[in-house]
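*Asks:* Quick one: structure below, then a few questions.
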Amino acid sequence: MIDEKLLKPYDPTTTEKRIYEMWEDSGFFNPDVCIEKGIIASDAKPYVITLPPPNVTGILHMGHAFMLTLEDTLIRYHRMKGFRTLWLPGTDHAAIATQSRVEKNISKEEGKSRYDLGREELLRRVNEFAQNSHDTILSQMKIFGSSCDWSREAFTLDEKRNFAVRTAFKSMYDAGLITRGHRVVNWDPKGQTTISDDEIIYEERKANFYTFKYSKDFPITISTTRPETKVGDTAVAVHPEDPRYTEFVGKEYDVVFCGVPIHIKIIADNSVEKDFGTGALGVTPAHSKIDWEIAKRHNLPYIQVIDEKSRMIVGDERILGKKVLEAREEIVRWLREENLMISEEEVSQNVSTAERTGGIIEPLPKLQWFIAVNKEFTIPYSEINGIESGSTITLKEIMRKAVEGGQIEILPDYFSKTYFHWIDKLDDWCISRQIWYGHRIPVWYRNKFKIKNEKSKIENTDSNTETYCGMEAPEGEGWAQDEDTLDTWFSSGLWTFSTLGWPQSMNTLTGKPEKGSDLDIYHPTDVLETGYEILFFWVARMILMTGFHIGTIPFKKVYLHGTVRDAKGRKMSKSLNNGIDPIDVADKFGADAGRMALMVGSAPGIDTKISEDKIKGYKHFANKVWNISRFVLQNTEDFTYDENFKNWTEGDIKLIEIQNTEIENLTQELDNLKIHIASDRVYQYIWNDFAAKIIEDSKPILKDGTIDEKNSRAQFLLHSLRKILIVLHPFMPFVTEELWSLMPFSKNKILMVEKWPII
RNA sequence: GCGCGGUUAGCUCAGUUGGUAGAGCGCUACAUUGACGUUGUAGAUGUCACAGGUUCGAAUCCUGUAUCGCGCACCA
């Protein structure tokens, strides 16, 4: 008898939740359980994906749904192929992103800042928010069918990961790769923290380009878009071979610039372009990275004239205490009044803004922690091609060699060029942040160390300051821990191995993981599937961290998916209100339909457009599969499914061959990570070949055929349906699992762990 | 400035070593009360951005141009 469910159209909403709970109860998301229960062989090859942990900043969006779909499809496929398949889930504390989000809420609702609340209370609020986000995110992931091993779930800020972070920091500190130093860094006045170069977003804006002289008697004209910084100038740099200026090189001048006495030395430096502006550059060492470098080369002093709140800290009532933009106007007015202004020109320029807060970056000299990417060290153990154990290398070389040597393959491959290009230009990574939510820097100071955020000009590493880096606070009186926290990408960089038991599972003698530990079995992981926008932030940092700490690679393949856009190709955003909520999609069309709509035709690296029409099409498809199943069952009621049936007609043998080729091709495409083609292929076969042709042709055979013909065709339909449900399952897990449970050939087994057809 | 992509049917996009152009959606006509509210069959629409070159043969390889986009840097 046919189950009554099948007589009605497929209804995903009443099905999907029940199916997910059944999977979860089975325990088969955990590869170790699969081995225990004999589902997979105990010596099966592992297949591992570590989930890029979603930020606990709110809810999942369509991009997350895309990521989950691609990964779940790969995971389900490999699980069915008999791999020891692990999909390790987790969430990311996302330091600045989360804290600034909560700060924004607090400011809006209570009008308070983080300093009003204090460190402890703010952290309490952030943790509460993070917990809520986490819970929402997990339930959303389940709605999309994600078959992760929840027993191994991790959080970038939990205790185990904190232990890993402290361990990692200390060993990089001991190797001399993490250092503290005074440099011009990217200061975000809005977020009140430094950020790394990669967290800057450039916005093109119009600006005035002023050309002027410091004073009437000053011999050289200079240009700038930021006159307010000129009160901090200590030199004018010209090109050594610029005949216009050679006579002045080496001379020094004292001038009073808008009430501020400044001392300017004329220097010659190769970095100055003769043809830009006047060919002379006013050097402001404290507020420009380039100028800082020039100043270092020429032993020039630097004078900080802007503070952490973007206010002037020098001058008289005209500029002192004023915001930089106001001060700029004052100085421009003064230049005009004094007839020092030569010209004003409107130019478009890139303004540096902070990714998370939108604040305009103010370069400031600050004492911060850095990871030195160009500094040589000895790597004790290495499995990376081209890097010998015990050789002297740099972190940059680890990042380069791991990809260059072919151990890590990036898809699409042209992104490796972008990757190398980025490495070439890479500078030291500033890892300290003046925010409270995150991993506290495991360093303690005593004696002359002054807590930051005082309005002191420069904190320094005096010889009187004792510095201690360790896993725990040092013994003795008077130690104070560094107030700062680490860049969130520091902990994410450890993600593939910190989630698998590092560092506890490392054997310190061999430098390798203990035999039989998770780290030993499941690392390196197979595929890192993530968005191309975090290639540098995350992918590169994981390669760096894994190479340094365990001498190997974090993953073998990097699959970079594109950005999910709306039907018109616009990014989905709150302000445009063009976002599609993946949960609404699951409600309205079913998660299966949403998954297919995201996958089909979405090649790696290419942005993908999604519309309700496309999703609707795949809801129809789910129902089509439902109806195919009903047809097959209804028309084979007089026959019993025979697993070992041999008496095929010649016509059916041909169809089986075609079908086998089809499955072979599908398998190959999945193995080659061509998910966008594989998903379309399975759709094409089921609808156009199987439903439209084979089923139509079966009607007369089943009605008027000979006994043998009828028998063969009925068995073929049943066998085909079985295979169709299996090969469609990784893509559309819910509807296929539900149908499977209604089939005569399912034998009460779960489709999720059924064997992929071997041909 | 350095680097990387895209340009194929009305729309969204495939096209895997060079061999007479593909899919979905949409459109047109016909059929169908049906396993299918969500069906089937047939059909139309392409100088594969443009111009050269290599080749027996180019959407595919090379050179150049246009145009859209992305990354990095500069931003005195």
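By order in the structure tokens, chains are A, B, ...; within a chain, residues start at 1; ligands start at 1, following the order shown.
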Which polymer residues have any atom within 10 Å of an atom of segment 214-227 of chain A, counting only C-alpha atoms (C1' of nucleotides), with same-chain residues fewer than 3 positions away left out, as a compact mmCIF listing (two decimals) with N, CA and C atoms (P, O5', C5', C4', C3', O3' and C1' of nucleotides), in the first residue's frame?
*Replies:*
```txt
# COMPACT_ATOMS: atom_id res chain seq x y z
N ALA A 207 38.20 65.95 -2.20
CA ALA A 207 38.95 66.67 -1.17
C ALA A 207 39.65 67.86 -1.83
N ASN A 208 40.00 68.83 -1.02
CA ASN A 208 40.76 69.97 -1.53
C ASN A 208 42.23 69.70 -1.36
N PHE A 209 42.95 70.01 -2.40
CA PHE A 209 44.40 69.82 -2.41
C PHE A 209 45.02 71.21 -2.34
N TYR A 210 45.61 71.52 -1.18
CA TYR A 210 46.12 72.87 -0.95
C TYR A 210 47.61 72.94 -1.23
N THR A 211 48.01 73.98 -1.93
CA THR A 211 49.43 74.21 -2.16
C THR A 211 49.80 75.54 -1.50
N LYS A 230 50.01 69.68 9.40
CA LYS A 230 51.29 70.34 9.10
C LYS A 230 51.93 70.98 10.34
N VAL A 231 51.13 71.15 11.39
CA VAL A 231 51.73 71.66 12.64
C VAL A 231 52.62 70.60 13.28
N GLY A 232 52.54 69.38 12.71
CA GLY A 232 53.41 68.32 13.23
C GLY A 232 54.56 68.02 12.29
N ASP A 233 54.79 68.87 11.30
CA ASP A 233 55.87 68.61 10.35
C ASP A 233 57.24 68.85 10.98
N VAL A 236 60.97 68.80 5.30
CA VAL A 236 60.45 68.80 3.94
C VAL A 236 61.39 67.91 3.15
N ALA A 237 60.78 66.94 2.48
CA ALA A 237 61.61 66.00 1.73
C ALA A 237 61.51 66.29 0.25
N VAL A 238 62.66 66.24 -0.43
CA VAL A 238 62.69 66.42 -1.88
C VAL A 238 63.48 65.26 -2.48
N ARG A 244 65.72 71.72 -8.62
CA ARG A 244 65.04 72.89 -8.05
C ARG A 244 65.39 73.08 -6.58
N TYR A 245 65.69 71.95 -5.92
CA TYR A 245 65.78 72.04 -4.47
C TYR A 245 67.15 71.71 -3.89
N PHE A 248 68.87 73.64 -1.16
CA PHE A 248 68.31 73.79 0.19
C PHE A 248 68.56 72.58 1.08
N TYR A 253 65.02 75.32 9.21
CA TYR A 253 64.26 76.56 9.35
C TYR A 253 63.36 76.48 10.58
N ASP A 254 63.22 77.62 11.22
CA ASP A 254 62.24 77.73 12.29
C ASP A 254 61.13 78.64 11.81
N VAL A 255 59.91 78.12 11.86
CA VAL A 255 58.78 78.97 11.45
C VAL A 255 57.67 78.82 12.48
N VAL A 256 56.75 79.77 12.45
CA VAL A 256 55.57 79.65 13.30
C VAL A 256 54.39 79.44 12.37
N PHE A 257 53.81 78.25 12.47
CA PHE A 257 52.75 77.87 11.55
C PHE A 257 51.42 77.91 12.29
N CYS A 258 50.63 78.93 11.97
CA CYS A 258 49.33 79.13 12.62
C CYS A 258 49.48 79.06 14.14
N ILE A 262 57.39 75.45 14.56
CA ILE A 262 57.87 74.18 14.04
C ILE A 262 59.28 74.35 13.48
N ILE A 264 61.84 72.86 10.73
CA ILE A 264 61.83 72.06 9.50
C ILE A 264 63.23 71.90 8.95
N ILE A 266 65.37 70.40 5.68
CA ILE A 266 65.17 69.97 4.29
C ILE A 266 66.03 68.73 4.06
N PHE A 276 55.12 64.82 -8.59
CA PHE A 276 53.86 64.93 -7.87
C PHE A 276 53.81 66.26 -7.12
N GLY A 277 52.71 66.98 -7.27
CA GLY A 277 52.56 68.27 -6.59
C GLY A 277 53.73 69.18 -6.92
N THR A 278 54.34 69.73 -5.90
CA THR A 278 55.47 70.63 -6.13
C THR A 278 56.78 69.87 -6.11
N GLY A 279 56.71 68.59 -5.93
CA GLY A 279 57.92 67.79 -5.85
C GLY A 279 58.57 67.85 -4.48
N ALA A 280 57.90 68.53 -3.56
CA ALA A 280 58.41 68.62 -2.19
C ALA A 280 57.33 68.14 -1.25
N LEU A 281 57.75 67.36 -0.27
CA LEU A 281 56.79 66.70 0.61
C LEU A 281 57.00 67.17 2.04
N GLY A 282 55.95 67.72 2.63
CA GLY A 282 56.01 68.08 4.04
C GLY A 282 55.94 66.82 4.87
N VAL A 324 39.71 67.52 13.79
CA VAL A 324 40.63 67.76 12.68
C VAL A 324 39.98 68.56 11.55
N LEU A 325 38.72 68.29 11.27
CA LEU A 325 38.08 68.99 10.15
C LEU A 325 37.91 70.47 10.43
N ALA A 327 39.79 72.16 12.55
CA ALA A 327 41.14 72.72 12.57
C ALA A 327 41.63 72.97 11.15
N ARG A 328 41.24 72.07 10.25
CA ARG A 328 41.65 72.22 8.85
C ARG A 328 41.12 73.54 8.31
N GLU A 329 39.85 73.83 8.57
CA GLU A 329 39.25 75.07 8.08
C GLU A 329 39.97 76.29 8.66
N GLU A 330 40.27 76.20 9.94
CA GLU A 330 40.97 77.32 10.59
C GLU A 330 42.32 77.57 9.91
N ILE A 331 43.02 76.50 9.67
CA ILE A 331 44.37 76.66 9.10
C ILE A 331 44.29 77.14 7.67
N VAL A 332 43.30 76.65 6.93
CA VAL A 332 43.12 77.11 5.56
C VAL A 332 42.82 78.62 5.56
N LEU A 335 46.00 80.44 6.26
CA LEU A 335 46.89 80.44 5.10
C LEU A 335 46.46 81.48 4.08
N GLU A 338 47.14 85.05 5.42
CA GLU A 338 48.55 85.38 5.44
C GLU A 338 49.16 85.39 4.05
N ASN A 339 48.28 85.15 3.04
CA ASN A 339 48.77 85.10 1.66
C ASN A 339 49.80 84.01 1.44
N LEU A 340 49.66 82.94 2.18
CA LEU A 340 50.59 81.83 2.00
C LEU A 340 50.03 80.77 1.05
N MET A 341 48.73 80.84 0.85
CA MET A 341 48.08 79.84 -0.01
C MET A 341 48.39 80.16 -1.46
N ILE A 342 48.95 79.20 -2.16
CA ILE A 342 49.26 79.40 -3.58
C ILE A 342 48.10 78.96 -4.44
N SER A 343 47.55 77.79 -4.15
CA SER A 343 46.42 77.31 -4.96
C SER A 343 45.59 76.31 -4.19
N GLU A 344 44.35 76.17 -4.63
CA GLU A 344 43.45 75.16 -4.06
C GLU A 344 42.79 74.44 -5.22
N GLU A 345 42.79 73.13 -5.12
CA GLU A 345 42.32 72.35 -6.25
C GLU A 345 41.48 71.20 -5.70
N GLU A 346 40.37 70.92 -6.38
CA GLU A 346 39.56 69.79 -5.91
C GLU A 346 40.07 68.50 -6.55
N VAL A 347 40.34 67.52 -5.71
CA VAL A 347 40.79 66.22 -6.22
C VAL A 347 39.93 65.13 -5.59
N GLN A 349 40.09 61.58 -3.72
CA GLN A 349 41.10 60.79 -3.03
C GLN A 349 40.43 59.66 -2.26
P C B 75 51.28 58.27 -0.19
O5' C B 75 49.96 59.10 -0.48
C5' C B 75 49.97 60.18 -1.42
C4' C B 75 48.55 60.59 -1.70
C3' C B 75 47.76 61.07 -0.49
O3' C B 75 48.02 62.42 -0.20
C1' C B 75 46.47 59.52 -1.71
P A B 76 48.12 62.92 1.25
O5' A B 76 49.54 63.59 1.15
C5' A B 76 49.84 64.74 1.91
C4' A B 76 50.84 65.52 1.11
C3' A B 76 50.39 65.84 -0.29
O3' A B 76 49.49 66.92 -0.31
C1' A B 76 52.64 65.12 -0.29
```
*Asks:* For chain A, which residues have at least one atom within 8 Å of chain B, if we go by only C-alpha atoms (C1' of nucleotides)? Write them as a PyMOL selection string, please.
*Replies:* chain A and resi 222-224+276-277+280-283+349-350+414-415+417-418+421-422+425+601+609+613-614+620-621+623-624+627-628+630-632+677+692
*Asks:* As a ChimeraX atom specification, which residues of segment 616-742 of chain A does DSSP assign to helix (DSSP H, G or I)?
*Replies:* /A:616-635,650-671,675-704,707-728,733-740
*Asks:* Between atom CA of Thr98 of chain A and atom CA of Pro54 of chain A, measure the distance and give it in Å to one decimal.
*Replies:*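 Interatomic distance, atom CA of Thr98 of chain A to atom CA of Pro54 of chain A: 11.5 Å.
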*Asks:* Within 9 Å of Ser389 of chain A, counting only C-alpha atoms (C1' of nucleotides), which residues qualify if same-chain residues fewer than 6 places away don't, as a ChimeraX atom specification?
*Replies:* /A:378-383,551
